[in-house]
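S.K.: My questions will all concern the structure given below.
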Amino acid sequence: MNTTNLIPLYAEVFLLIAASAILLIDMFLDQSKRAVTYMLSLAALAGAAVFSFGDYSQGTTVYAFSNMFISDPMGNLLKLFSYLTMGMTLVYARQYSTDRGMLGGNLGGEFYVLALFSMLGQMVMISANSFLSIYLGLELMSLSLYALVALRRDDARATEAAMKYFILGALASGFLLYGMSMLYGATGSLEIGEVAKKIGSGTLDKSILTFGLVFVVAGLAFKLGAVPFHMWVPDVYQGAPTGVTLLLGGAPKLATFAICVRLLVEGMLPMAFDWQEMLMILAVLSLAIGNLTAIAQTNLKRMLAYSTIAQMGFVLLGLMAGVVGQSQANAAAAYSAAMYYAITYVMTTVGSFGLIMVLARQGFEAEEIDDFKGLSKRSPGYALLMSVLMFSLAGVPPMMGFAAKFAVLQSVLTTGAVWLTVFAVMFSLVGAFYYIRIVKVMWFDEATDTAPLSVASDKGLVLALNGLAVVVLGMIPGPLLNACMSAISKTLAS
């Protein structure tokens, strides 16, 4: 099935047709019927999930379009969580976006359509098996996100954030493209599997390969927001409308994780000694600078941005831990721990930004940490939910974040890097301070805002399920960990 056969791409084809149809339908809807666009967008994600779940349940690896596209267990599992994350994002952001004129007025349902096209780009990235398809997916996702950040054209902060994101995102894409062009020049192939074979032959010029690798790792680090390529993250997270910040911090991280595995593990495993040292430096810097800088923040979105930088340090530790010389089982365990960590981070962060939008209302953003003062007196349920999410990000048992951190640290310890494990634990303790500070503010400080909270029923239900999942998957991490392990093992074995 190595032809232009469309069966492995049914999910992508369906979402492309659905997003285009929704864009046309939305042109004929007035503001009072914007809910139709919302419901159709969720239905489009559900339809794509049906196709991807069918592929995932088969557990096989299928190539298409002359090996440019791959449908495998890892990719299909990541797609399923991407659909879930994007669906939650649309639910959380609906009222927020309506209140700020991002749905209606001069704008129609572009928020939903651009979100779907960014989702399509992520799907292409996740299933890319060629430098060309990786770049096409990356640009489709990035261009949609640039437009979403700038969607509030009358907001100076959003416009500034969009310019920063566009310029630095273009620089990151250029780094990645230049690195891939160097690898193509050295190997004569765009296909990831062929590149791996030619690098493994030992007949190529190592200096050109290393030069290309440096640019590839730099481009990936930009997209993950790892130090020292993190400068865009806090400014864009703070300046973008919160609904768009949620889009940036959620599903795209899963797609970036996928291309890290595709390029580094599947494409350049013979050069693992080189890229693992780079990932170790990026991880150490991200853990230190992300956690230390987050302590000084008073803006919650900015704090969560630095938190993201630190959390990506753990993902990089997991990728780094699958070292050459380990058994295949240990390497698969390390990569699956990183995958589990990425999923955990995304599910928890989506809920956190969702709660920021619960407190926000027309003319009030609820972005400062002080805005959460006394939340337990206004709404004990939402204060409890935010506490669960903060404890999960801090890695406090029995939340999902603890299981994720434990899995990654266990993999790092297996490599013999005791100092690195201790370093990660110490900075996790530093990070716990600013997460627990949010809990303290909600439960022990006097409220400065007493306005009643008005939450749509669908949003309230999804938030409750989000918090429940963080607790249940923390207490019973086995099923998801095993699913990640199985997906990674089957993908690497194919």
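Identifiers for the structure tokens are assigned positionally: chains receive A, B, ... in sequence, residues are indexed from 1 per chain, and ligands are indexed from 1 in the order shown.
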Go through stretch 385-457 of chain A residue by residue and, counting only C-alpha atoms, keep those with an atom at most 12 Å from stretch 83-95 of chain A; for each kept residue give the shortest atom pair and its distance in Å to one decimal, ordered by chain and increasing number, as a Markdown table.
M.R.:
```
| residue | atom | partner | partner_atom | distance |
| --- | --- | --- | --- | --- |
| A:Ser454 | CA | A:Gln95 | CA | 10.1 |
| A:Val455 | CA | A:Gln95 | CA | 8.7 |
| A:Ala456 | CA | A:Gln95 | CA | 8.0 |
| A:Ser457 | CA | A:Val91 | CA | 10.2 |
```
S.K.: Since we have the selection now, will you write its residues out, keeping C-alpha atoms, as an mmCIF file, in the first residue's frame?
M.R.:
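As a result, out_22.cif now contains:
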```
data_model
loop_
_atom_site.group_PDB
_atom_site.id
_atom_site.type_symbol
_atom_site.label_atom_id
_atom_site.label_comp_id
_atom_site.auth_asym_id
_atom_site.auth_seq_id
_atom_site.Cartn_x
_atom_site.Cartn_y
_atom_site.Cartn_z
ATOM 1 C CA SER A 454 -21.719 32.456 34.603
ATOM 2 C CA VAL A 455 -20.635 29.255 32.882
ATOM 3 C CA ALA A 456 -22.355 27.556 29.954
ATOM 4 C CA SER A 457 -23.502 24.002 30.729
#
```
S.K.: Write out as an mmCIF file with N, CA and C atoms, in the first residue's frame the residues lying within 12 Å of A:Lys197, counting only C-alpha atoms and excluding same-chain residues fewer than 4 positions away.
M.R.:
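Result file is result04.cif:
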```
data_model
loop_
_atom_site.group_PDB
_atom_site.id
_atom_site.type_symbol
_atom_site.label_atom_id
_atom_site.label_comp_id
_atom_site.auth_asym_id
_atom_site.auth_seq_id
_atom_site.Cartn_x
_atom_site.Cartn_y
_atom_site.Cartn_z
ATOM 1 N N THR A 187 22.217 13.264 1.967
ATOM 2 C CA THR A 187 21.709 11.897 1.768
ATOM 3 C C THR A 187 21.058 11.688 0.406
ATOM 4 N N GLY A 188 20.619 12.774 -0.235
ATOM 5 C CA GLY A 188 19.948 12.641 -1.522
ATOM 6 C C GLY A 188 18.530 12.112 -1.425
ATOM 7 N N SER A 189 17.928 12.168 -0.222
ATOM 8 C CA SER A 189 16.573 11.646 -0.047
ATOM 9 C C SER A 189 15.781 12.545 0.886
ATOM 10 N N GLU A 191 12.836 11.166 2.126
ATOM 11 C CA GLU A 191 12.088 10.194 2.917
ATOM 12 C C GLU A 191 12.858 9.848 4.195
ATOM 13 N N ILE A 192 12.165 9.904 5.324
ATOM 14 C CA ILE A 192 12.832 9.749 6.617
ATOM 15 C C ILE A 192 13.505 8.381 6.746
ATOM 16 N N GLY A 193 12.832 7.314 6.331
ATOM 17 C CA GLY A 193 13.424 5.972 6.423
ATOM 18 C C GLY A 193 14.687 5.833 5.597
ATOM 19 N N SER A 201 24.751 3.947 7.068
ATOM 20 C CA SER A 201 25.767 3.272 6.244
ATOM 21 C C SER A 201 27.177 3.724 6.580
ATOM 22 N N GLY A 202 27.306 4.921 7.190
ATOM 23 C CA GLY A 202 28.623 5.407 7.589
ATOM 24 C C GLY A 202 29.468 5.934 6.448
ATOM 25 N N THR A 203 28.879 6.124 5.270
ATOM 26 C CA THR A 203 29.654 6.564 4.105
ATOM 27 C C THR A 203 29.488 8.051 3.817
ATOM 28 N N LEU A 204 28.670 8.750 4.609
ATOM 29 C CA LEU A 204 28.382 10.153 4.325
ATOM 30 C C LEU A 204 29.308 11.080 5.102
ATOM 31 N N GLU A 266 13.416 8.275 14.311
ATOM 32 C CA GLU A 266 13.275 7.446 13.111
ATOM 33 C C GLU A 266 14.247 7.850 12.010
ATOM 34 N N GLY A 267 14.581 9.136 11.922
ATOM 35 C CA GLY A 267 15.414 9.600 10.822
ATOM 36 C C GLY A 267 16.896 9.687 11.121
ATOM 37 N N MET A 268 17.239 10.036 12.375
ATOM 38 C CA MET A 268 18.660 10.274 12.681
ATOM 39 C C MET A 268 19.131 9.514 13.913
ATOM 40 N N LEU A 269 18.577 8.320 14.111
ATOM 41 C CA LEU A 269 19.000 7.520 15.259
ATOM 42 C C LEU A 269 20.488 7.190 15.222
ATOM 43 N N PRO A 270 21.102 6.956 14.031
ATOM 44 C CA PRO A 270 22.555 6.717 14.021
ATOM 45 C C PRO A 270 23.370 7.890 14.562
ATOM 46 N N MET A 271 22.767 9.077 14.609
ATOM 47 C CA MET A 271 23.459 10.251 15.153
ATOM 48 C C MET A 271 22.959 10.590 16.555
#
```
S.K.: Per DSSP on the backbone, filter stretch 52-209 of chain A down to the residues in helix (DSSP H, G or I) and report them as a VMD selection string.
M.R.: chain A and resid 52 to 58 73 to 99 110 to 126 131 to 149 156 to 187 192 to 200 206 to 209
S.K.: If you run DSSP on this backbone, which residues of stretch 262-434 of chain A come out as strand (DSSP E or B), and could you give them as a ChimeraX atom specification?
M.R.: /A:299,361,364,368
S.K.: Please save C-alpha atoms of the selected residues as a tab-separated table (two decimals), in the first residue's frame.
M.R.:
```tsv
chain	number	residue	atom	x	y	z
A	299	ASN	CA	0.41	37.51	35.29
A	361	ARG	CA	-16.00	38.32	31.27
A	364	PHE	CA	-12.27	41.83	32.17
A	368	GLU	CA	-3.51	38.28	37.00
```
S.K.: Could you name the residues that touch A:Gly47 at 8 Å or less, counting only C-alpha atoms, but leaving out those on the same chain fewer than 3 positions away, as a tab-separated table (two decimals) with all heavy atoms, in the first residue's frame?
M.R.:
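The result, written out as part19.tsv:
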```
chain	number	residue	atom	x	y	z
A	11	ALA	N	-8.98	10.44	7.38
A	11	ALA	CA	-9.23	11.42	8.44
A	11	ALA	C	-8.85	12.83	7.96
A	11	ALA	O	-9.60	13.79	8.16
A	11	ALA	CB	-8.44	11.07	9.70
A	14	PHE	N	-11.27	13.97	5.18
A	14	PHE	CA	-12.57	14.31	5.77
A	14	PHE	C	-12.51	15.68	6.43
A	14	PHE	O	-13.41	16.53	6.23
A	14	PHE	CB	-12.98	13.25	6.80
A	14	PHE	CG	-14.23	13.61	7.57
A	14	PHE	CD1	-15.49	13.38	7.02
A	14	PHE	CD2	-14.15	14.20	8.82
A	14	PHE	CE1	-16.64	13.73	7.71
A	14	PHE	CE2	-15.29	14.54	9.53
A	14	PHE	CZ	-16.54	14.30	8.97
A	15	LEU	N	-11.45	15.94	7.22
A	15	LEU	CA	-11.37	17.22	7.92
A	15	LEU	C	-11.17	18.38	6.94
A	15	LEU	O	-11.73	19.48	7.15
A	15	LEU	CB	-10.22	17.20	8.94
A	15	LEU	CG	-10.19	18.38	9.91
A	15	LEU	CD1	-11.47	18.42	10.74
A	15	LEU	CD2	-8.98	18.32	10.83
A	43	ALA	N	-18.48	18.42	15.27
A	43	ALA	CA	-18.84	17.22	14.51
A	43	ALA	C	-17.73	16.83	13.55
A	43	ALA	O	-17.46	15.63	13.35
A	43	ALA	CB	-20.13	17.48	13.74
A	44	ALA	N	-17.05	17.82	12.96
A	44	ALA	CA	-15.93	17.53	12.05
A	44	ALA	C	-14.79	16.83	12.80
A	44	ALA	O	-14.21	15.86	12.30
A	44	ALA	CB	-15.43	18.83	11.41
A	50	VAL	N	-13.27	9.27	14.34
A	50	VAL	CA	-13.77	7.94	13.98
A	50	VAL	C	-12.82	7.25	13.01
A	50	VAL	O	-12.47	6.08	13.18
A	50	VAL	CB	-15.19	8.04	13.38
A	50	VAL	CG1	-15.62	6.70	12.79
A	50	VAL	CG2	-16.20	8.49	14.44
A	51	PHE	N	-12.37	7.99	12.01
A	51	PHE	CA	-11.43	7.41	11.03
A	51	PHE	C	-10.10	7.04	11.69
A	51	PHE	O	-9.55	5.96	11.47
A	51	PHE	CB	-11.18	8.39	9.88
A	51	PHE	CG	-12.34	8.52	8.94
A	51	PHE	CD1	-13.05	9.71	8.85
A	51	PHE	CD2	-12.72	7.46	8.13
A	51	PHE	CE1	-14.14	9.84	7.98
A	51	PHE	CE2	-13.80	7.58	7.25
A	51	PHE	CZ	-14.50	8.77	7.19
```
S.K.: Extract, using only C-alpha atoms, all DNA, RNA and protein residues at most 7 Å from A:Arg302, discarding same-chain residues fewer than 2 positions from it, and format them as a PyMOL selection string.
M.R.: chain A and resi 234+237-238+297+299-300+304-306
S.K.: Taking C-alpha atoms for each residue, export the selection above as a PDB file, in the first residue's frame.
M.R.:
```pdb
ATOM      1  CA  PRO A 234       5.683  34.366  27.333  1.00  0.00           C
ATOM      2  CA  TYR A 237       0.901  33.611  25.488  1.00  0.00           C
ATOM      3  CA  GLN A 238       0.211  36.864  27.336  1.00  0.00           C
ATOM      4  CA  GLN A 297       5.506  36.406  37.381  1.00  0.00           C
ATOM      5  CA  ASN A 299       0.412  37.512  35.286  1.00  0.00           C
ATOM      6  CA  LEU A 300      -1.045  33.992  35.291  1.00  0.00           C
ATOM      7  CA  LEU A 304       1.907  29.342  32.650  1.00  0.00           C
ATOM      8  CA  ALA A 305       4.071  30.226  29.635  1.00  0.00           C
ATOM      9  CA  TYR A 306       7.259  29.831  31.676  1.00  0.00           C
TER      10      TYR A 306
END
```
S.K.: For A:Val233, which residue out of A:Ser379, A:Ser307, A:Ser20, A:Ser127 is the nearest one, using only C-alpha atoms?
M.R.: A:Ser307
S.K.: Could you check which of A:Leu40, A:Leu151, A:Leu247, A:Ala258 is closest to A:Ile134, using only C-alpha atoms?
M.R.: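 The shortest atom-to-atom distance to A:Ile134 comes from A:Ala258.
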S.K.: I'd like to know which of A:Arg378, A:Lys301, A:Arg157, A:Lys253 is closest to A:Gln122, using only C-alpha atoms.
M.R.: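 Smallest separation from A:Gln122 among the options: A:Lys253.
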S.K.: Please determine, counting only C-alpha atoms, which residue among A:Thr491, A:Gly351, A:Ala162, A:Ala403 has the shortest atom-to-atom distance to A:Leu461.
M.R.: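 When distances to A:Leu461 are compared using only C-alpha atoms, the smallest one comes from A:Gly351.
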S.K.: Would you kindly return, as a list in words, each protein, DNA or RNA residue with an atom no farther than 10 Å from any atom of A:Gln328, considering only C-alpha atoms and excluding same-chain residues fewer than 5 positions away?
M.R.: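 Answer for this query is Gly322, Val323, Ala333, Ala334, Ser489, Leu492 and Ala493 of chain A.
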S.K.: Counting only C-alpha atoms, what is within 9 Å of stretch 471-473 of chain A, bar same-chain residues fewer than 5 positions away, as JSON, numbers by chain?
M.R.: {"A": [388, 389, 392, 398, 399, 400, 403, 466, 478, 479, 480]}
S.K.: Could the residues in this selection be saved with N, CA, C and O atoms as a PDB file, in the first residue's frame?
M.R.:
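Written out: out_34.pdb:
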```pdb
ATOM      1  N   VAL A 388      -6.643  21.018  41.606  1.00  0.00           N
ATOM      2  CA  VAL A 388      -6.277  19.719  41.039  1.00  0.00           C
ATOM      3  C   VAL A 388      -5.312  19.898  39.865  1.00  0.00           C
ATOM      4  O   VAL A 388      -4.295  19.210  39.751  1.00  0.00           O
ATOM      5  N   LEU A 389      -5.621  20.860  38.992  1.00  0.00           N
ATOM      6  CA  LEU A 389      -4.781  21.084  37.817  1.00  0.00           C
ATOM      7  C   LEU A 389      -3.409  21.616  38.205  1.00  0.00           C
ATOM      8  O   LEU A 389      -2.389  21.213  37.636  1.00  0.00           O
ATOM      9  N   SER A 392      -1.386  18.855  39.644  1.00  0.00           N
ATOM     10  CA  SER A 392      -0.935  17.956  38.581  1.00  0.00           C
ATOM     11  C   SER A 392       0.293  18.526  37.879  1.00  0.00           C
ATOM     12  O   SER A 392       1.279  17.815  37.639  1.00  0.00           O
ATOM     13  N   PRO A 398      -2.027  12.222  44.031  1.00  0.00           N
ATOM     14  CA  PRO A 398      -2.101  11.191  42.987  1.00  0.00           C
ATOM     15  C   PRO A 398      -2.485  11.734  41.615  1.00  0.00           C
ATOM     16  O   PRO A 398      -3.098  11.030  40.829  1.00  0.00           O
ATOM     17  N   MET A 399      -2.145  12.981  41.317  1.00  0.00           N
ATOM     18  CA  MET A 399      -2.568  13.580  40.052  1.00  0.00           C
ATOM     19  C   MET A 399      -1.777  12.986  38.877  1.00  0.00           C
ATOM     20  O   MET A 399      -0.729  12.389  39.044  1.00  0.00           O
ATOM     21  N   MET A 400      -2.307  13.219  37.682  1.00  0.00           N
ATOM     22  CA  MET A 400      -1.726  12.675  36.460  1.00  0.00           C
ATOM     23  C   MET A 400      -0.274  13.136  36.250  1.00  0.00           C
ATOM     24  O   MET A 400       0.574  12.395  35.748  1.00  0.00           O
ATOM     25  N   ALA A 403       2.463  10.874  37.886  1.00  0.00           N
ATOM     26  CA  ALA A 403       2.766   9.652  37.142  1.00  0.00           C
ATOM     27  C   ALA A 403       3.646   9.954  35.935  1.00  0.00           C
ATOM     28  O   ALA A 403       4.562   9.192  35.603  1.00  0.00           O
ATOM     29  N   ASN A 466     -12.646  17.094  32.544  1.00  0.00           N
ATOM     30  CA  ASN A 466     -11.211  17.348  32.417  1.00  0.00           C
ATOM     31  C   ASN A 466     -10.510  17.125  33.761  1.00  0.00           C
ATOM     32  O   ASN A 466      -9.493  16.424  33.853  1.00  0.00           O
ATOM     33  N   GLY A 478      -1.875   3.188  34.394  1.00  0.00           N
ATOM     34  CA  GLY A 478      -1.500   2.029  33.584  1.00  0.00           C
ATOM     35  C   GLY A 478      -2.064   1.991  32.171  1.00  0.00           C
ATOM     36  O   GLY A 478      -1.309   1.829  31.210  1.00  0.00           O
ATOM     37  N   PRO A 479      -3.388   2.141  31.998  1.00  0.00           N
ATOM     38  CA  PRO A 479      -3.944   2.020  30.639  1.00  0.00           C
ATOM     39  C   PRO A 479      -3.333   2.990  29.629  1.00  0.00           C
ATOM     40  O   PRO A 479      -2.968   2.584  28.526  1.00  0.00           O
ATOM     41  N   LEU A 480      -3.207   4.268  30.001  1.00  0.00           N
ATOM     42  CA  LEU A 480      -2.654   5.238  29.057  1.00  0.00           C
ATOM     43  C   LEU A 480      -1.158   5.018  28.848  1.00  0.00           C
ATOM     44  O   LEU A 480      -0.654   5.109  27.722  1.00  0.00           O
TER      45      LEU A 480
END
```
S.K.: Looking at only C-alpha atoms, which of A:Ser411, A:Ser118, A:Ser142, A:Ser181 is the one that sits closest to A:Ile167?
M.R.: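 That would be A:Ser142, the residue with the smallest distance to A:Ile167.
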S.K.: State, in Å with one decimal place, the distance from atom CA of A:Gly109 to atom CA of A:Tyr38.
M.R.: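 Calculated distance between atom CA of A:Gly109 and atom CA of A:Tyr38 is 8.0 Å.
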S.K.: Check the smallest atom-to-atom distance from each of A:Phe175, A:Gly374, A:Gly101, A:Met312 to A:Gln31 using only C-alpha atoms, then report the winner.
M.R.: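 Answer, going by the shortest atom-to-atom distance: A:Gly101.
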